[in-house]
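K.L.:
File follows, run_6.cif with mmCIF, C-alpha atoms and all ligand atoms:
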data_start
#
loop_
_atom_site.label_atom_id
_atom_site.label_comp_id
_atom_site.auth_asym_id
_atom_site.auth_seq_id
_atom_site.Cartn_x
_atom_site.Cartn_y
_atom_site.Cartn_z
CA MET A 1 43.89 121.90 91.09
CA ASP A 2 47.23 123.33 92.12
CA LEU A 3 48.92 120.45 93.95
CA SER A 4 52.30 122.15 94.27
CA THR A 5 54.16 122.42 97.56
CA THR A 6 57.61 123.31 98.82
CA TYR A 7 60.02 121.15 100.78
CA LEU A 8 63.54 122.06 101.92
CA GLY A 9 63.41 125.13 99.68
CA LEU A 10 62.59 122.97 96.65
CA ASP A 11 59.48 123.64 94.56
CA LEU A 12 57.65 120.36 94.09
CA LYS A 13 54.75 119.88 91.71
CA CYS A 14 52.97 117.62 94.19
CA PRO A 15 53.30 116.35 97.77
CA ILE A 16 53.66 112.62 97.04
CA VAL A 17 57.29 111.55 97.32
CA PRO A 18 58.50 107.94 97.26
CA SER A 19 60.61 107.51 100.39
CA ALA A 20 63.84 105.52 100.62
CA SER A 21 63.29 101.93 99.52
CA PRO A 22 64.81 99.38 97.14
CA LEU A 23 62.55 100.76 94.39
CA SER A 24 64.87 103.73 93.92
CA GLU A 25 67.86 101.46 93.31
CA SER A 26 66.94 101.43 89.63
CA VAL A 27 66.98 104.51 87.43
CA SER A 28 64.14 103.09 85.36
CA ASN A 29 61.95 102.99 88.48
CA ILE A 30 62.91 106.58 89.29
CA LYS A 31 61.88 107.57 85.76
CA LYS A 32 58.60 105.71 86.27
CA MET A 33 58.06 107.61 89.52
CA GLU A 34 58.58 110.92 87.74
CA ASP A 35 56.20 109.87 84.94
CA ALA A 36 53.69 108.83 87.60
CA GLY A 37 53.76 112.40 88.95
CA ALA A 38 55.96 112.06 92.06
CA GLY A 39 57.14 115.41 93.45
CA ALA A 40 60.67 114.14 94.20
CA VAL A 41 62.35 110.81 94.93
CA VAL A 42 64.37 109.78 97.98
CA LEU A 43 67.07 107.24 97.18
CA HIS A 44 67.67 104.11 99.25
CA SER A 45 70.20 104.73 102.03
CA LEU A 46 73.92 104.35 101.98
CA PHE A 47 74.99 103.17 105.43
CA GLU A 48 77.75 104.57 107.59
CA GLU A 49 79.02 101.01 107.98
CA GLN A 50 79.53 100.85 104.22
CA LEU A 51 81.72 103.93 104.37
CA THR A 52 83.76 102.89 107.35
CA GLN A 53 83.68 99.63 109.20
CA SER A 54 86.42 100.75 111.52
CA SER A 55 85.56 104.24 112.72
CA LEU A 56 86.34 104.78 116.37
CA GLU A 57 82.91 106.17 117.07
CA ILE A 58 81.14 103.15 115.65
CA ASP A 59 83.41 100.99 117.71
CA HIS A 60 82.50 102.97 120.79
CA PHE A 61 78.75 102.79 120.35
CA LEU A 62 78.59 99.23 119.18
CA THR A 63 80.77 97.83 121.90
CA LEU A 64 78.55 99.48 124.49
CA GLY A 65 75.90 96.92 123.66
CA SER A 66 78.05 93.87 123.01
CA GLU A 67 80.82 91.90 124.63
CA SER A 68 83.47 92.71 122.11
CA HIS A 69 83.89 94.80 119.05
CA GLY A 70 84.79 91.67 117.06
CA GLU A 71 81.38 90.25 117.78
CA ALA A 72 79.61 93.55 117.08
CA ALA A 73 81.30 93.85 113.71
CA SER A 74 80.09 90.38 112.79
CA TYR A 75 76.45 91.56 113.10
CA PHE A 76 76.80 93.63 109.97
CA PRO A 77 76.26 92.28 106.52
CA HIS A 78 79.46 91.41 104.72
CA HIS A 79 80.72 93.89 102.15
CA ASP A 80 79.21 92.02 99.19
CA GLU A 81 75.80 91.69 100.84
CA TYR A 82 75.03 95.40 100.52
CA HIS A 83 73.17 96.17 97.35
CA VAL A 84 75.50 99.03 96.43
CA GLY A 85 78.82 100.47 97.55
CA PRO A 86 79.78 104.16 97.86
CA GLU A 87 81.10 104.53 94.31
CA THR A 88 78.03 102.89 92.81
CA TYR A 89 75.85 105.13 94.97
CA LEU A 90 77.48 108.30 93.62
CA HIS A 91 77.23 106.99 90.08
CA HIS A 92 73.56 106.25 90.70
CA ILE A 93 72.95 109.86 91.79
CA VAL A 94 74.63 111.15 88.63
CA GLU A 95 72.54 108.83 86.47
CA ALA A 96 69.28 109.55 88.28
CA THR A 97 69.69 113.32 88.23
CA SER A 98 70.41 113.31 84.53
CA ALA A 99 67.46 111.00 83.78
CA VAL A 100 64.75 113.06 85.53
CA ASP A 101 63.83 116.69 86.22
CA ILE A 102 62.35 116.17 89.67
CA PRO A 103 64.64 116.60 92.70
CA ILE A 104 66.64 113.58 93.81
CA ILE A 105 67.13 113.39 97.55
CA ALA A 106 70.02 111.15 98.59
CA SER A 107 69.94 109.27 101.88
CA LEU A 108 72.70 108.56 104.35
CA ASN A 109 72.06 106.32 107.31
CA GLY A 110 74.37 106.74 110.26
CA VAL A 111 74.63 107.60 113.91
CA SER A 112 78.18 108.44 114.82
CA SER A 113 80.12 111.59 114.27
CA GLY A 114 83.31 111.02 112.29
CA GLY A 115 85.08 110.90 108.96
CA TRP A 116 82.32 109.06 107.11
CA THR A 117 80.11 112.18 107.22
CA SER A 118 82.38 113.94 104.71
CA PHE A 119 80.89 111.60 102.10
CA ALA A 120 77.94 114.01 102.16
CA LYS A 121 80.13 116.42 100.15
CA GLU A 122 80.50 113.85 97.40
CA ILE A 123 76.77 113.29 97.37
CA GLU A 124 76.28 117.02 96.87
CA ALA A 125 78.91 117.10 94.11
CA ALA A 126 77.17 114.19 92.36
CA GLY A 127 74.09 116.39 91.96
CA ALA A 128 71.62 115.48 94.73
CA SER A 129 69.20 118.33 95.46
CA ALA A 130 69.02 117.51 99.15
CA LEU A 131 70.15 114.92 101.65
CA GLU A 132 68.11 112.87 104.08
CA LEU A 133 70.00 111.70 107.14
CA ASN A 134 68.49 108.62 108.74
CA THR A 135 69.55 108.25 112.36
CA TYR A 136 68.54 104.68 113.13
CA PHE A 137 69.90 103.72 116.52
CA ILE A 138 68.46 101.60 119.31
CA ALA A 139 69.91 102.33 122.73
CA THR A 140 70.33 98.95 124.41
CA ASP A 141 72.89 99.81 127.07
CA PRO A 142 71.38 100.67 130.48
CA GLU A 143 74.42 102.90 131.14
CA LEU A 144 73.83 105.07 128.08
CA THR A 145 71.80 108.14 129.03
CA GLY A 146 69.16 109.82 126.92
CA HIS A 147 71.32 112.92 126.95
CA GLU A 148 74.27 111.01 125.45
CA VAL A 149 72.08 109.56 122.73
CA GLU A 150 70.70 112.99 121.89
CA ARG A 151 74.20 114.47 121.81
CA MET A 152 75.27 111.73 119.41
CA TYR A 153 72.40 112.59 117.05
CA LEU A 154 73.15 116.30 117.22
CA GLU A 155 76.84 115.81 116.51
CA VAL A 156 76.20 113.77 113.42
CA VAL A 157 73.66 116.32 112.16
CA ARG A 158 76.18 119.12 112.75
CA ASP A 159 78.92 117.20 110.92
CA VAL A 160 76.74 116.49 107.91
CA THR A 161 75.16 119.95 107.66
CA ASP A 162 78.60 121.60 108.01
CA ALA A 163 79.91 119.47 105.15
CA VAL A 164 77.30 120.48 102.56
CA SER A 165 75.38 123.46 101.28
CA ILE A 166 72.38 121.45 100.06
CA PRO A 167 69.51 121.21 102.57
CA VAL A 168 69.56 118.32 105.01
CA ALA A 169 66.47 116.64 106.45
CA VAL A 170 66.72 114.34 109.45
CA LYS A 171 64.66 111.15 109.58
CA LEU A 172 64.17 110.27 113.21
CA ASN A 173 62.29 108.00 115.52
CA PRO A 174 59.54 109.03 117.93
CA PHE A 175 61.21 107.70 121.09
CA PHE A 176 62.44 110.80 122.90
CA SER A 177 61.29 111.99 126.31
CA SER A 178 60.67 115.41 124.78
CA LEU A 179 60.32 115.12 121.06
CA PRO A 180 59.63 118.86 120.52
CA TYR A 181 62.84 119.81 122.35
CA MET A 182 64.83 117.26 120.33
CA CYS A 183 63.33 118.55 117.09
CA GLY A 184 64.23 122.12 118.06
CA GLN A 185 67.80 121.02 118.78
CA LEU A 186 68.06 119.19 115.45
CA VAL A 187 66.97 122.35 113.66
CA GLU A 188 69.51 124.38 115.62
CA ALA A 189 72.15 121.84 114.58
CA GLY A 190 71.31 122.59 110.94
CA ALA A 191 68.38 120.39 109.89
CA ALA A 192 66.09 122.13 107.41
CA GLY A 193 63.50 119.38 107.51
CA LEU A 194 62.29 116.60 109.76
CA VAL A 195 61.09 113.29 108.38
CA LEU A 196 58.66 111.68 110.84
CA PHE A 197 59.04 108.82 111.53
CA ASN A 198 61.55 106.08 110.95
CA ARG A 199 59.82 102.71 111.23
CA PHE A 200 61.69 100.40 113.51
CA TYR A 201 61.88 96.91 112.21
CA GLN A 202 60.83 94.60 114.95
CA PRO A 203 62.28 91.15 114.56
CA ASP A 204 60.26 88.02 115.26
CA LEU A 205 61.44 84.83 117.01
CA ASP A 206 61.42 81.47 115.29
CA ILE A 207 60.70 79.17 118.26
CA GLU A 208 61.44 75.96 116.33
CA ARG A 209 64.82 76.99 114.95
CA LEU A 210 65.64 79.25 117.90
CA GLU A 211 66.51 82.08 115.59
CA VAL A 212 65.78 85.76 115.45
CA VAL A 213 64.00 86.40 112.19
CA PRO A 214 64.43 89.84 110.67
CA ARG A 215 61.24 90.50 108.78
CA VAL A 216 60.03 93.60 106.96
CA HIS A 217 56.35 94.21 107.55
CA LEU A 218 54.81 96.65 105.17
CA SER A 219 52.68 99.28 106.89
CA SER A 220 48.94 99.92 106.82
CA SER A 221 47.13 103.26 107.21
CA GLU A 222 47.03 102.61 110.98
CA ALA A 223 50.72 103.62 111.09
CA LEU A 224 49.74 107.13 110.02
CA ARG A 225 48.38 108.08 113.42
CA LEU A 226 51.71 108.55 115.15
CA PRO A 227 53.26 110.93 112.60
CA ILE A 228 50.07 112.95 112.09
CA ARG A 229 49.73 113.48 115.78
CA TRP A 230 53.31 114.70 116.15
CA ILE A 231 53.38 116.81 113.03
CA ALA A 232 50.16 118.48 114.20
CA ILE A 233 51.85 119.30 117.53
CA LEU A 234 55.14 120.48 116.01
CA PHE A 235 53.76 122.50 113.08
CA GLY A 236 54.18 126.23 113.73
CA ARG A 237 56.32 125.55 116.81
CA ILE A 238 59.44 124.16 115.15
CA GLU A 239 60.95 126.11 112.26
CA ALA A 240 61.37 123.22 109.85
CA ASP A 241 59.64 121.57 106.94
CA PHE A 242 57.93 118.30 107.73
CA ALA A 243 57.82 115.15 105.65
CA LEU A 244 55.44 112.48 106.85
CA THR A 245 56.52 108.89 106.40
CA SER A 246 54.67 105.79 107.70
CA GLY A 247 51.21 104.68 106.77
CA VAL A 248 50.44 106.72 103.64
CA HIS A 249 48.32 104.42 101.46
CA THR A 250 45.37 106.48 100.18
CA HIS A 251 44.49 110.05 99.16
CA GLU A 252 42.77 110.44 102.54
CA ASP A 253 46.10 109.64 104.22
CA VAL A 254 47.80 112.29 102.06
CA ILE A 255 45.21 114.90 103.02
CA LYS A 256 45.41 114.02 106.73
CA GLY A 257 49.20 114.40 106.61
CA LEU A 258 48.98 117.79 104.92
CA MET A 259 46.26 119.03 107.25
CA ALA A 260 48.40 118.03 110.22
CA GLY A 261 51.17 120.22 108.79
CA ALA A 262 53.36 118.09 106.51
CA ASN A 263 54.82 119.76 103.42
CA ILE A 264 55.00 116.36 101.75
CA THR A 265 53.75 112.84 102.38
CA MET A 266 56.06 109.96 101.56
CA VAL A 267 55.11 106.54 100.28
CA ALA A 268 57.01 103.26 100.46
CA SER A 269 54.84 100.27 101.47
CA GLU A 270 51.96 101.28 99.20
CA ILE A 271 54.06 101.40 96.05
CA LEU A 272 56.17 98.39 97.03
CA LYS A 273 52.96 96.38 97.33
CA ASN A 274 50.68 97.86 94.70
CA GLY A 275 53.07 99.45 92.25
CA ILE A 276 54.22 102.92 91.24
CA GLY A 277 50.89 103.30 89.41
CA ARG A 278 49.29 104.06 92.79
CA ILE A 279 50.91 107.53 92.71
CA PRO A 280 48.76 108.98 89.89
CA GLU A 281 45.65 107.31 91.36
CA MET A 282 46.30 108.97 94.71
CA LEU A 283 47.06 112.31 93.07
CA ILE A 284 43.85 112.30 91.05
CA ALA A 285 41.80 111.35 94.08
CA THR A 286 43.53 114.08 96.16
CA SER A 287 42.72 116.63 93.47
CA HIS A 288 39.06 115.58 93.36
CA TRP A 289 38.77 115.66 97.12
CA LEU A 290 40.18 119.18 97.31
CA GLU A 291 37.88 120.38 94.52
CA ASP A 292 34.82 118.78 96.11
CA HIS A 293 35.66 120.48 99.40
CA GLY A 294 36.10 123.96 97.95
CA TYR A 295 39.89 124.29 98.08
CA ASP A 296 41.71 126.34 95.41
CA SER A 297 45.07 124.79 96.08
CA LEU A 298 46.66 122.07 98.14
CA ARG A 299 48.71 124.57 100.11
CA GLN A 300 45.51 125.94 101.69
CA CYS A 301 45.09 122.76 103.67
CA ILE A 302 48.68 122.46 104.99
CA GLY A 303 48.53 122.76 108.77
CA SER A 304 44.78 123.48 108.83
CA MET A 305 44.26 120.77 111.46
CA SER A 306 47.50 121.35 113.35
CA GLN A 307 47.61 122.39 116.97
CA LYS A 308 49.33 125.66 116.11
CA HIS A 309 46.62 127.69 117.77
CA VAL A 310 46.14 125.40 120.76
CA ALA A 311 47.64 127.30 123.69
CA GLU A 312 48.63 124.19 125.64
CA PRO A 313 48.96 121.13 123.40
CA GLY A 314 50.05 118.99 126.38
CA ALA A 315 46.78 119.63 128.24
CA PHE A 316 44.85 119.23 124.99
CA GLU A 317 46.48 115.83 124.38
CA ARG A 318 45.69 114.72 127.93
CA ALA A 319 42.08 115.79 127.61
CA ASN A 320 41.79 113.87 124.34
CA TYR A 321 43.33 110.83 125.99
CA LEU A 322 40.71 110.94 128.76
CA ARG A 323 37.92 111.48 126.27
CA THR A 324 39.14 108.53 124.17
CA LEU A 325 39.23 106.16 127.13
CA GLN A 326 35.78 107.28 128.25
CA SER A 327 34.31 106.74 124.80
CA TRP A 328 34.33 102.98 125.43
CA PRO A 329 31.94 101.23 124.98
CA PRO A 330 30.91 103.06 121.79
CA LYS A 331 27.31 104.30 121.79
CA THR A 332 24.97 102.01 119.82
CA GLN A 333 24.02 103.64 116.55
CA PHE A 334 20.28 103.60 115.67
C1 LIG A 401 61.98 97.21 102.05
C2 LIG A 401 62.19 98.57 102.65
C3 LIG A 401 63.44 99.19 102.56
C4 LIG A 401 63.65 100.44 103.15
N1 LIG A 401 64.87 101.03 103.02
C5 LIG A 401 65.08 102.24 103.61
C6 LIG A 401 66.33 102.88 103.51
O1 LIG A 401 67.26 102.42 102.84
N2 LIG A 401 66.49 104.07 104.15
C7 LIG A 401 65.48 104.67 104.86
O2 LIG A 401 65.67 105.76 105.40
N3 LIG A 401 64.27 104.07 104.95
C8 LIG A 401 64.06 102.90 104.36
N4 LIG A 401 62.83 102.31 104.46
C9 LIG A 401 61.76 102.99 105.22
C10 LIG A 401 60.81 103.73 104.28
O3 LIG A 401 61.48 104.77 103.58
C11 LIG A 401 59.64 104.34 105.06
O4 LIG A 401 60.10 105.39 105.90
C12 LIG A 401 58.89 103.33 105.92
O5 LIG A 401 58.67 102.12 105.20
C13 LIG A 401 57.52 103.88 106.35
O6 LIG A 401 56.75 104.28 105.26
P1 LIG A 401 55.56 103.38 104.64
O7 LIG A 401 54.56 103.20 105.71
O8 LIG A 401 55.07 104.20 103.48
O9 LIG A 401 56.17 102.09 104.22
C14 LIG A 401 62.59 101.08 103.85
C15 LIG A 401 61.34 100.45 103.92
C16 LIG A 401 61.13 99.22 103.34
C17 LIG A 401 59.77 98.60 103.43
#
Could you write out this structure as structure tokens?
Ligand SMILES: Cc1cc2nc3c(=O)[nH]c(=O)nc-3n(C[C@H](O)[C@H](O)[C@H](O)COP(=O)(O)O)c2cc1C
P.N.:
Amino acid sequence: MDLSTTYLGLDLKCPIVPSASPLSESVSNIKKMEDAGAGAVVLHSLFEEQLTQSSLEIDHFLTLGSESHGEAASYFPHHDEYHVGPETYLHHIVEATSAVDIPIIASLNGVSSGGWTSFAKEIEAAGASALELNTYFIATDPELTGHEVERMYLEVVRDVTDAVSIPVAVKLNPFFSSLPYMCGQLVEAGAAGLVLFNRFYQPDLDIERLEVVPRVHLSSSEALRLPIRWIAILFGRIEADFALTSGVHTHEDVIKGLMAGANITMVASEILKNGIGRIPEMLIATSHWLEDHGYDSLRQCIGSMSQKHVAEPGAFERANYLRTLQSWPPKTQF
């Protein structure tokens, strides 16, 4: 079975790509991922705050949600608490790209336009095949308009894409009033790919210690529904490649993502929990599934269940919503 696909102009031998996570902090893991059959690897992110703690833009956006910049700055981990610094990150790219033949996609995580974005050039020079820009930002200020937030995203995408000639994919969240418009704008600003979606880490409250507890919850396949729905709507309407991230745990999840219109499906929770060895298992099962269902290649199924040919996806979505609500209670099966 031909499992090859393309993403950001890169030819990948398969659609399973480990997304940014601590696993890619070690070159030996990256090697293991290549040996396991991964199509490419996304490195863990380097954060804007690591590149500049004092940029004016950061100051501006952080103080909007806090009483003083001094306090806002204290929210961030101290220098030594980050796993790696900028120099180590570049060195890691050099080491990873010389250790494996599959593409290495570096990851920058930032939200403000400014000097830090020029670091993208150094990432390119270090040998990354592409760059993923993670735009994790939660608007907490009632005075900050959606338009301002969108403009902030677009400026940072423009800055980064202007700085490099390697392709840039933007990892974004689903919380926009009009996601298709935002995606179109991101592409106009220079994004070659869209990575849907960032998972927002929702902190818990410890009611005994009166503390906010940051806790990473690994996903389950349930999380797949949001990105497949949106990729199915955007496929064929937005001129970009799509990477699906969130909820990919089985070969069925991979196939659903591709059928919705994703060029690649990314995995993090599954391999963090069950090991890199899950990649070949999922690839073999994907291959068998495609064979059993009469496909000659994986590319044949990309977008086959998208809404590309639905004239009015909005009405279609509303009709499905009504149908879903009316399907309760489920009919008894005899
Ligand atoms: C422990 C952990 C660390 C992560 N670190 C990053 C990161 O540095 N940059 C990033 O863009 N995403 C990061 N992610 C998000 C993942 O790349 C992925 O998008 C998310 O976990 C959803 O995919 P999943 O359902 O396969 O886990 C991290 C996720 C986990 C669980």
K.L.:
As a quick test: using all atoms listed in the file, which residues lie no more than 9 Å away from ligand LIG 401 (chain A)? Give them as a ChimeraX atom specification.
P.N.:
/A:18-23,42-47,107-109,132-136,171,195-200,216-221,223-224,244-249,265-272
K.L.:
Could you please determine the separation between CA of Ile231 (chain A) and CA of Ala262 (chain A) in Å, to one decimal place?
P.N.:
6.6 Å
K.L.:
Do a neighbour search on Met33 (chain A) at 12 Å with only C-alpha atoms, toss out local chain neighbours closer than 2 positions, and write the hits as a ChimeraX atom specification.
P.N.:
/A:16-19,23-24,26-31,35-43,96,99-104,267-268,271,275-280
K.L.:
Write out as a Markdown table the residues of region 184-270 of chain A that have any atom within 9 Å of an atom of region 298-320 of chain A, one row each with the nearest atom pair and its distance in Å to one decimal, counting only C-alpha atoms, sorted by chain and then rising number.
P.N.:
| residue | atom | partner | partner_atom | distance |
| --- | --- | --- | --- | --- |
| A:Ile228 | CA | A:Ser306 | CA | 8.9 |
| A:Arg229 | CA | A:Ser306 | CA | 8.5 |
| A:Ile231 | CA | A:Ser306 | CA | 7.4 |
| A:Ala232 | CA | A:Ser306 | CA | 4.0 |
| A:Ile233 | CA | A:Gln307 | CA | 5.3 |
| A:Leu234 | CA | A:Lys308 | CA | 7.8 |
| A:Phe235 | CA | A:Lys308 | CA | 6.2 |
| A:Gly236 | CA | A:Lys308 | CA | 5.4 |
| A:Arg237 | CA | A:Lys308 | CA | 7.0 |
| A:Ile255 | CA | A:Cys301 | CA | 7.9 |
| A:Lys256 | CA | A:Met305 | CA | 8.3 |
| A:Gly257 | CA | A:Ile302 | CA | 8.2 |
| A:Leu258 | CA | A:Ile302 | CA | 4.7 |
| A:Met259 | CA | A:Gly303 | CA | 4.6 |
| A:Ala260 | CA | A:Ser306 | CA | 4.7 |
| A:Gly261 | CA | A:Gly303 | CA | 3.7 |
| A:Ala262 | CA | A:Ile302 | CA | 6.6 |
| A:Asn263 | CA | A:Ile302 | CA | 6.9 |
K.L.:
Between CA of Glu124 (chain A) and CA of Asp162 (chain A), what is the distance in Å, rounded to a tenth?
P.N.:
12.3 Å
K.L.:
List as a list in words the protein and nucleic acid residues near Asp296 (chain A), meaning an atom at most 12 Å away when only C-alpha atoms are counted, but skip any in the same chain fewer than 6 places from it.
P.N.:
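Here the answer would be Met1, Asp2, Leu3, Ser4, Ser287, His288, Trp289 and Leu290 of chain A.
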K.L.:
Kindly export the residues of the current selection with C-alpha atoms, as a PDB file, in the frame of the given file.
P.N.:
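Final output, saved to again.pdb:
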ATOM      1  CA  MET A   1      43.890 121.900  91.090  1.00  0.00           C
ATOM      2  CA  ASP A   2      47.230 123.330  92.120  1.00  0.00           C
ATOM      3  CA  LEU A   3      48.920 120.450  93.950  1.00  0.00           C
ATOM      4  CA  SER A   4      52.300 122.150  94.270  1.00  0.00           C
ATOM      5  CA  SER A 287      42.720 116.630  93.470  1.00  0.00           C
ATOM      6  CA  HIS A 288      39.060 115.580  93.360  1.00  0.00           C
ATOM      7  CA  TRP A 289      38.770 115.660  97.120  1.00  0.00           C
ATOM      8  CA  LEU A 290      40.180 119.180  97.310  1.00  0.00           C
TER       9      LEU A 290
END
K.L.:
Taking all atoms listed in the file into account, name the residue in A:Thr6, A:Thr161, A:Thr97, A:Asn274 that is nearest to Ser113 (chain A).
P.N.:
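Nearest to Ser113 (chain A): A:Thr161.
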K.L.:
Just checking: using all atoms listed in the file, which residue out of A:Pro180, A:Ile138, A:Ile93, A:Asp159 ends up closest to Ala125 (chain A)?
P.N.:
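Ranked by minimum distance to Ala125 (chain A), first place goes to A:Ile93.
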K.L.:
Go through A:Gly127, A:Gly146, A:Pro203, A:Pro214 one by one, measure the shortest atom-to-atom distance of each to Leu90 (chain A) using all atoms listed in the file, and give the residue with the smallest value.
P.N.:
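Distance minimum relative to Leu90 (chain A) lands on A:Gly127.
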K.L.:
What does the distance between CA of Glu25 (chain A) and CA of Pro86 (chain A) come to in Å, to one decimal place?
P.N.:
13.0 Å
K.L.:
Taking (72.4, 111.8, 100.0) in the file's coordinates as the center, which residues reach within 7 Å of it, counting all atoms listed in the file, put as an MDAnalysis selection string?
P.N.:
chainID A and resid 105:108 120 123 128 130:132
K.L.:
With distances taken over all atoms listed in the file, which of A:Val157, A:Thr52, A:Leu10, A:Ile166 is nearest to Gly115 (chain A)?
P.N.:
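Among the listed residues, A:Thr52 lies closest to Gly115 (chain A).
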K.L.:
For each of A:Trp116, A:Asp253, A:Ala285, A:Arg323, take the minimum atom-to-atom distance to Arg225 (chain A), counting only C-alpha atoms, then give the residue where this is smallest.
P.N.:
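Among the listed residues, the smallest separation from Arg225 (chain A) belongs to A:Asp253.
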